[in-house]
>>> print(open('model.cif').read())   # mmCIF, C-alpha atoms
data_target
loop_
_atom_site.label_atom_id
_atom_site.label_comp_id
_atom_site.auth_asym_id
_atom_site.auth_seq_id
_atom_site.Cartn_x
_atom_site.Cartn_y
_atom_site.Cartn_z
CA MET A 1 -94.09 -117.05 119.98
CA ASP A 2 -95.98 -114.41 121.91
CA ARG A 3 -98.34 -115.63 124.61
CA PRO A 4 -102.12 -115.25 124.17
CA THR A 5 -103.69 -112.53 126.28
CA PRO A 6 -107.26 -111.99 127.51
CA ALA A 7 -109.53 -109.54 125.75
CA ARG A 8 -108.46 -106.01 126.62
CA SER A 9 -111.90 -104.89 127.69
CA ALA A 10 -112.23 -107.68 130.27
CA ARG A 11 -108.96 -106.99 132.06
CA SER A 12 -108.78 -105.12 135.34
CA ALA A 13 -106.10 -102.58 136.21
CA PRO A 14 -104.12 -105.13 138.30
CA ASP A 15 -104.38 -107.63 135.43
CA ARG A 16 -102.89 -105.10 133.03
CA LEU A 17 -100.11 -104.24 135.47
CA LEU A 18 -99.23 -107.89 135.93
CA ALA A 19 -99.36 -108.43 132.17
CA VAL A 20 -96.57 -105.88 131.78
CA LEU A 21 -94.37 -107.80 134.22
CA ALA A 22 -95.32 -111.12 132.64
CA ALA A 23 -94.10 -109.84 129.28
CA PHE A 24 -90.56 -110.48 130.54
CA ASP A 25 -89.22 -114.02 130.67
CA HIS A 26 -85.93 -115.85 130.19
CA THR A 27 -86.12 -115.55 126.42
CA HIS A 28 -87.25 -111.91 126.59
CA PRO A 29 -85.23 -110.29 129.43
CA ALA A 30 -85.03 -106.90 127.65
CA LEU A 31 -87.97 -105.28 125.85
CA SER A 32 -88.80 -102.01 124.16
CA LEU A 33 -92.02 -100.23 125.03
CA THR A 34 -93.52 -101.47 121.77
CA ASP A 35 -92.50 -105.05 122.62
CA ILE A 36 -94.09 -104.75 126.06
CA SER A 37 -97.29 -103.37 124.57
CA ARG A 38 -97.51 -106.23 122.07
CA ARG A 39 -96.58 -109.04 124.43
CA ALA A 40 -98.88 -107.76 127.19
CA GLY A 41 -101.78 -107.21 124.82
CA LEU A 42 -102.08 -103.53 125.71
CA THR A 43 -102.42 -100.34 123.74
CA LEU A 44 -99.21 -98.37 123.48
CA SER A 45 -100.61 -95.54 125.60
CA THR A 46 -101.70 -97.91 128.38
CA ALA A 47 -98.37 -99.73 128.29
CA HIS A 48 -96.54 -96.40 128.48
CA ARG A 49 -98.49 -95.33 131.55
CA LEU A 50 -98.01 -98.65 133.38
CA VAL A 51 -94.35 -98.97 132.46
CA ALA A 52 -93.71 -95.44 133.75
CA ALA A 53 -95.35 -96.30 137.08
CA LEU A 54 -93.40 -99.55 137.42
CA THR A 55 -90.15 -97.78 136.52
CA ASP A 56 -90.76 -95.07 139.12
CA TRP A 57 -91.32 -97.76 141.76
CA GLY A 58 -88.23 -99.72 140.70
CA ALA A 59 -89.91 -102.82 139.30
CA LEU A 60 -88.51 -101.95 135.86
CA GLU A 61 -85.33 -100.20 134.80
CA ARG A 62 -84.68 -98.34 131.54
CA ASP A 63 -81.22 -98.32 129.98
CA GLY A 64 -79.62 -95.68 127.78
CA SER A 65 -81.09 -97.16 124.60
CA GLY A 66 -84.64 -96.97 125.95
CA THR A 67 -84.89 -100.72 126.55
CA TYR A 68 -86.55 -101.95 129.72
CA HIS A 69 -85.32 -104.66 132.11
CA VAL A 70 -86.68 -106.12 135.34
CA GLY A 71 -85.62 -103.87 138.22
CA LEU A 72 -83.82 -104.66 141.43
CA ARG A 73 -86.86 -103.69 143.51
CA LEU A 74 -88.55 -106.91 142.39
CA TRP A 75 -85.48 -108.89 143.51
CA GLU A 76 -85.73 -107.25 146.94
CA VAL A 77 -89.37 -108.27 147.25
CA ALA A 78 -88.77 -111.77 145.88
CA ALA A 79 -86.00 -112.29 148.43
CA LEU A 80 -88.66 -112.26 151.15
CA ALA A 81 -90.30 -115.42 149.77
CA PRO A 82 -89.69 -118.32 152.18
CA ARG A 83 -89.21 -120.67 149.23
CA GLY A 84 -86.76 -118.27 147.58
CA LEU A 85 -83.72 -116.69 149.16
CA ALA A 86 -84.28 -118.15 152.65
CA LEU A 87 -84.43 -121.68 151.23
CA ARG A 88 -81.39 -121.02 149.06
CA GLN A 89 -79.34 -119.74 152.02
CA ALA A 90 -80.18 -122.82 154.10
CA ALA A 91 -79.48 -125.17 151.22
CA LEU A 92 -76.35 -123.68 149.68
CA PRO A 93 -73.74 -125.36 151.95
CA TYR A 94 -75.25 -128.77 151.20
CA LEU A 95 -75.55 -128.04 147.49
CA GLU A 96 -71.89 -127.08 147.46
CA ASP A 97 -70.98 -130.32 149.24
CA LEU A 98 -72.97 -132.30 146.67
CA TYR A 99 -71.23 -130.46 143.87
CA GLU A 100 -67.78 -131.15 145.36
CA ALA A 101 -68.69 -134.83 145.63
CA THR A 102 -69.84 -135.10 142.02
CA HIS A 103 -68.58 -132.08 140.03
CA GLU A 104 -71.83 -132.30 138.10
CA ASN A 105 -74.87 -130.02 137.82
CA VAL A 106 -76.58 -129.59 141.20
CA GLN A 107 -80.07 -128.11 141.42
CA LEU A 108 -82.60 -126.98 144.00
CA ALA A 109 -86.26 -126.55 143.06
CA VAL A 110 -89.77 -126.00 144.43
CA ARG A 111 -93.21 -126.76 143.02
CA ASP A 112 -95.55 -124.11 141.68
CA GLY A 113 -98.78 -125.73 140.55
CA HIS A 114 -97.99 -128.32 137.88
CA GLU A 115 -94.49 -126.96 137.30
CA VAL A 116 -91.13 -127.11 138.99
CA VAL A 117 -89.29 -123.82 139.51
CA TYR A 118 -85.50 -123.85 139.95
CA THR A 119 -84.24 -121.66 142.79
CA GLU A 120 -80.54 -122.57 142.66
CA TRP A 121 -78.17 -124.23 140.20
CA LEU A 122 -74.48 -125.04 140.51
CA SER A 123 -72.69 -126.17 137.38
CA GLY A 124 -69.20 -127.34 136.50
CA ARG A 125 -67.59 -126.41 133.20
CA SER A 126 -67.31 -130.07 132.17
CA ALA A 127 -70.78 -131.07 133.40
CA VAL A 128 -73.47 -132.23 130.99
CA GLY A 129 -75.38 -129.39 129.36
CA VAL A 130 -78.87 -128.78 130.75
CA HIS A 131 -81.73 -126.46 129.81
CA ILE A 132 -81.93 -125.05 133.33
CA ARG A 133 -81.31 -121.69 134.94
CA VAL A 134 -82.51 -120.09 138.15
CA GLY A 135 -86.19 -119.23 137.71
CA ALA A 136 -86.71 -121.72 134.88
CA ARG A 137 -89.88 -123.81 134.85
CA TRP A 138 -90.50 -127.34 133.60
CA PRO A 139 -93.43 -129.75 133.86
CA LEU A 140 -93.19 -131.90 136.97
CA HIS A 141 -93.07 -135.28 135.21
CA VAL A 142 -89.96 -134.67 133.09
CA THR A 143 -87.35 -133.81 135.74
CA GLY A 144 -85.98 -135.60 138.78
CA VAL A 145 -86.86 -132.76 141.13
CA GLY A 146 -90.33 -132.57 139.60
CA LEU A 147 -90.94 -136.28 140.11
CA ALA A 148 -89.75 -136.03 143.72
CA LEU A 149 -92.12 -133.13 144.39
CA LEU A 150 -95.07 -134.72 142.59
CA ALA A 151 -94.58 -138.07 144.34
CA HIS A 152 -94.94 -136.36 147.71
CA GLY A 153 -97.80 -134.10 146.68
CA SER A 154 -101.40 -134.68 147.67
CA PRO A 155 -103.35 -137.55 146.04
CA GLU A 156 -105.57 -134.90 144.46
CA LEU A 157 -102.56 -133.20 142.86
CA GLN A 158 -101.24 -136.49 141.53
CA GLU A 159 -104.58 -137.55 140.05
CA ASP A 160 -105.12 -134.14 138.48
CA TYR A 161 -101.62 -134.16 137.02
CA CYS A 162 -101.86 -137.68 135.65
CA ALA A 163 -105.20 -136.85 134.04
CA GLY A 164 -103.76 -133.91 132.14
CA PRO A 165 -101.65 -133.99 128.97
CA LEU A 166 -98.11 -135.20 129.64
CA THR A 167 -95.88 -133.15 127.37
CA SER A 168 -93.16 -135.10 125.56
CA TYR A 169 -89.66 -133.79 124.87
CA THR A 170 -87.81 -136.96 123.85
CA ALA A 171 -88.68 -140.55 123.00
CA HIS A 172 -87.99 -141.35 126.66
CA THR A 173 -90.38 -138.82 128.24
CA ILE A 174 -93.09 -140.39 130.40
CA THR A 175 -96.39 -139.81 128.61
CA ASP A 176 -98.42 -142.74 129.92
CA PRO A 177 -100.39 -141.96 133.13
CA LEU A 178 -100.09 -145.54 134.39
CA ARG A 179 -96.32 -145.49 133.97
CA LEU A 180 -96.17 -142.13 135.74
CA ARG A 181 -98.16 -143.48 138.69
CA ARG A 182 -95.80 -146.46 138.94
CA THR A 183 -92.82 -144.10 138.80
CA LEU A 184 -94.22 -141.95 141.61
CA ALA A 185 -94.81 -145.03 143.76
CA GLU A 186 -91.19 -146.06 143.19
CA VAL A 187 -90.00 -142.60 144.23
CA ARG A 188 -91.89 -142.90 147.52
CA ARG A 189 -90.53 -146.42 148.07
CA THR A 190 -86.86 -145.63 147.41
CA GLY A 191 -86.68 -142.01 148.58
CA VAL A 192 -85.13 -140.86 145.29
CA ALA A 193 -86.45 -139.94 141.85
CA VAL A 194 -84.60 -140.84 138.67
CA SER A 195 -85.39 -139.04 135.42
CA SER A 196 -83.54 -140.58 132.50
CA ARG A 197 -83.29 -138.77 129.14
CA GLN A 198 -86.70 -137.16 129.54
CA VAL A 199 -85.65 -133.61 128.61
CA THR A 200 -82.55 -134.35 126.53
CA ASP A 201 -81.21 -137.64 125.22
CA ASP A 202 -77.90 -137.34 127.05
CA ALA A 203 -78.83 -136.48 130.65
CA LEU A 204 -79.99 -138.32 133.75
CA SER A 205 -81.00 -136.75 137.04
CA VAL A 206 -81.25 -138.18 140.54
CA ALA A 207 -83.33 -136.20 143.04
CA ALA A 208 -84.51 -136.42 146.63
CA PRO A 209 -87.21 -134.52 148.56
CA VAL A 210 -86.44 -131.77 151.06
CA ARG A 211 -88.71 -131.49 154.11
CA GLY A 212 -89.74 -128.47 156.12
CA PRO A 213 -90.13 -128.17 159.92
CA GLU A 214 -93.42 -130.12 159.97
CA GLY A 215 -92.12 -132.90 157.73
CA ALA A 216 -93.95 -131.84 154.57
CA VAL A 217 -91.93 -131.91 151.36
CA THR A 218 -91.23 -128.29 150.39
CA ALA A 219 -88.42 -128.61 147.84
CA ALA A 220 -86.19 -131.11 146.05
CA VAL A 221 -82.48 -131.36 145.31
CA SER A 222 -80.90 -133.16 142.38
CA VAL A 223 -77.71 -133.91 140.53
CA VAL A 224 -77.72 -134.14 136.73
CA VAL A 225 -75.11 -136.30 135.03
CA PRO A 226 -74.42 -137.66 131.54
CA HIS A 227 -76.66 -140.65 130.88
CA ALA A 228 -73.76 -142.66 129.52
CA GLY A 229 -71.98 -144.20 132.47
CA ALA A 230 -74.39 -142.82 135.08
CA GLN A 231 -74.20 -144.77 138.34
CA VAL A 232 -77.48 -144.22 140.15
CA PRO A 233 -76.59 -146.46 143.14
CA VAL A 234 -73.54 -144.25 143.76
CA LEU A 235 -75.33 -140.94 143.25
CA ALA A 236 -78.51 -141.72 145.22
CA PRO A 237 -76.92 -141.79 148.72
CA ALA A 238 -75.13 -138.48 148.09
CA VAL A 239 -78.33 -136.80 146.91
CA ARG A 240 -80.31 -138.20 149.86
CA LEU A 241 -77.63 -136.95 152.26
CA ALA A 242 -77.82 -133.45 150.78
CA ALA A 243 -81.62 -133.45 150.99
CA ARG A 244 -81.48 -134.62 154.59
CA GLY A 245 -78.97 -131.90 155.49
CA ILE A 246 -81.10 -129.18 153.93
CA SER A 247 -84.18 -130.54 155.70
CA ARG A 248 -82.40 -130.36 159.06
CA ALA A 249 -81.27 -126.81 158.29
CA LEU A 250 -84.92 -125.92 157.68
CA GLY A 251 -85.91 -127.31 161.09
CA TRP A 252 -86.96 -130.86 160.25
CA GLN A 253 -86.54 -133.33 163.10
CA PRO A 254 -86.19 -136.82 161.51
CA GLN A 255 -86.89 -138.65 164.75
CA GLN A 256 -90.37 -137.12 164.76
CA HIS A 257 -91.24 -137.65 161.10
CA HIS A 258 -90.84 -140.70 158.93
CA ASP A 259 -90.95 -141.19 155.15
#
>>> encode(input="model.cif", output="structure tokens")
Amino acid sequence: MDRPTPARSARSAPDRLLAVLAAFDHTHPALSLTDISRRAGLTLSTAHRLVAALTDWGALERDGSGTYHVGLRLWEVAALAPRGLALRQAALPYLEDLYEATHENVQLAVRDGHEVVYTEWLSGRSAVGVHIRVGARWPLHVTGVGLALLAHGSPELQEDYCAGPLTSYTAHTITDPLRLRRTLAEVRRTGVAVSSRQVTDDALSVAAPVRGPEGAVTAAVSVVVPHAGAQVPVLAPAVRLAARGISRALGWQPQQHHD
């Protein structure tokens, strides 16, 4: 389904430029000029002009068939984001350790508004299948990393989130605001977040918050395992250890900050 777009007449030049980039997503990584025009809500002539400018700059690349893809220049710029490549580089040794300890899906994520964005994902061939890839977004309340990030967000964020619609994906998804508030309190009490069968009926995730130099929670790390036979008491210490290691690598001094 194509996303709704604002009325063409009300959109500024930067809005139109960004709409071209926003036409690409994980389900639409390659687009024709006509596709871009339609998905961005632009006339074909306007789309052609903007796509040409973005291609010249390197934000888009055109293959031999005339199809457009996101260009490497955007990757170069994105790598400068402190919550992107720098976080991944600091975290990767600890994510690899967590993977070696579990041989299950290991994930690193940050919060963007009311969504969690995955910045790294390690997966074993025999691990439970998950609907996650680097750059994927999910609502905060349905994933372990999302619950960990929401639980340590501001009271205003939590109240705003709980007041909004809580999208359901399975019969086990948290859709009751009171239950979500109790879950967030439990995350803060135990130091780990557990999301059981909220996205798929066969997966369970255990997550822990990652802290930056000043002690604020800036990311979360998780392991996702099959729900059947999942041993949370065994997984939780390993996930907390990974989160603590990443936090130290980011400059957190635990003796100065307390949960």
>>> atom_distance(input="model.cif", atom1="atom CA of Ala230 of chain A", atom2="atom CA of Val206 of chain A")
9.9 Å
>>> resolve_selection(input="model.cif", expression="the PyMOL selection byres ((chain A and resi 28) around 12)", output="VMD selection string")
chain A and resid 1 to 3 21 to 27 29 to 32 35 to 36 39 67 to 70
>>> residues_around(input="model.cif", residues="Val20 of chain A", least_positions_apart="5", cutoff="12 Å", atoms="only C-alpha atoms", output="PyMOL selection string")
chain A and resi 5+13-15+25+31-44+46-55+59-60+68-70
>>> residues_near_point(input="model.cif", point="(-81.1, -130.6, 157.8)", cutoff="10 Å", atoms="only C-alpha atoms", output="list in words")
Ala90, Ala91, Tyr94, Val210, Arg211, Gly212, Pro213, Leu241, Ala242, Ala243, Arg244, Gly245, Ile246, Ser247, Arg248, Ala249, Leu250, Gly251, Trp252, Gln253 and Pro254 of chain A
>>> residues_near_point(input="model.cif", point="(-93.2, -125.8, 137.5)", cutoff="6 Å", atoms="all atoms listed in the file", output="ChimeraX atom specification")
/A:111-112,114-117,137-139
>>> closest_residue(input="model.cif", among="A:Gly215, A:Ala203, A:Gln107, A:Ala163", to="Gly229 of chain A", atoms="all atoms listed in the file")
A:Ala203
>>> resolve_selection(input="model.cif", expression="the PyMOL selection byres ((chain A and resi 173-188) around 8)", output="number ranges by chain")
A: 141-142, 147-148, 150-152, 162-163, 165-172, 189-194, 197-199, 259
>>> atom_distance(input="model.cif", atom1="atom CA of Asp160 of chain A", atom2="atom CA of Gly113 of chain A")
10.7 Å
>>> resolve_selection(input="model.cif", expression="the PyMOL selection byres ((chain A and resi 95) around 12)", output="PyMOL selection string")
chain A and resi 87-94+96-109+119-123+220-223+238-246
>>> atom_distance(input="model.cif", atom1="atom CA of Arg73 of chain A", atom2="atom CA of Asp56 of chain A")
10.4 Å
>>> closest_residue(input="model.cif", among="A:Ala86, A:Leu157, A:Ala236, A:Ala228", to="Ala207 of chain A", atoms="all atoms listed in the file")
A:Ala236
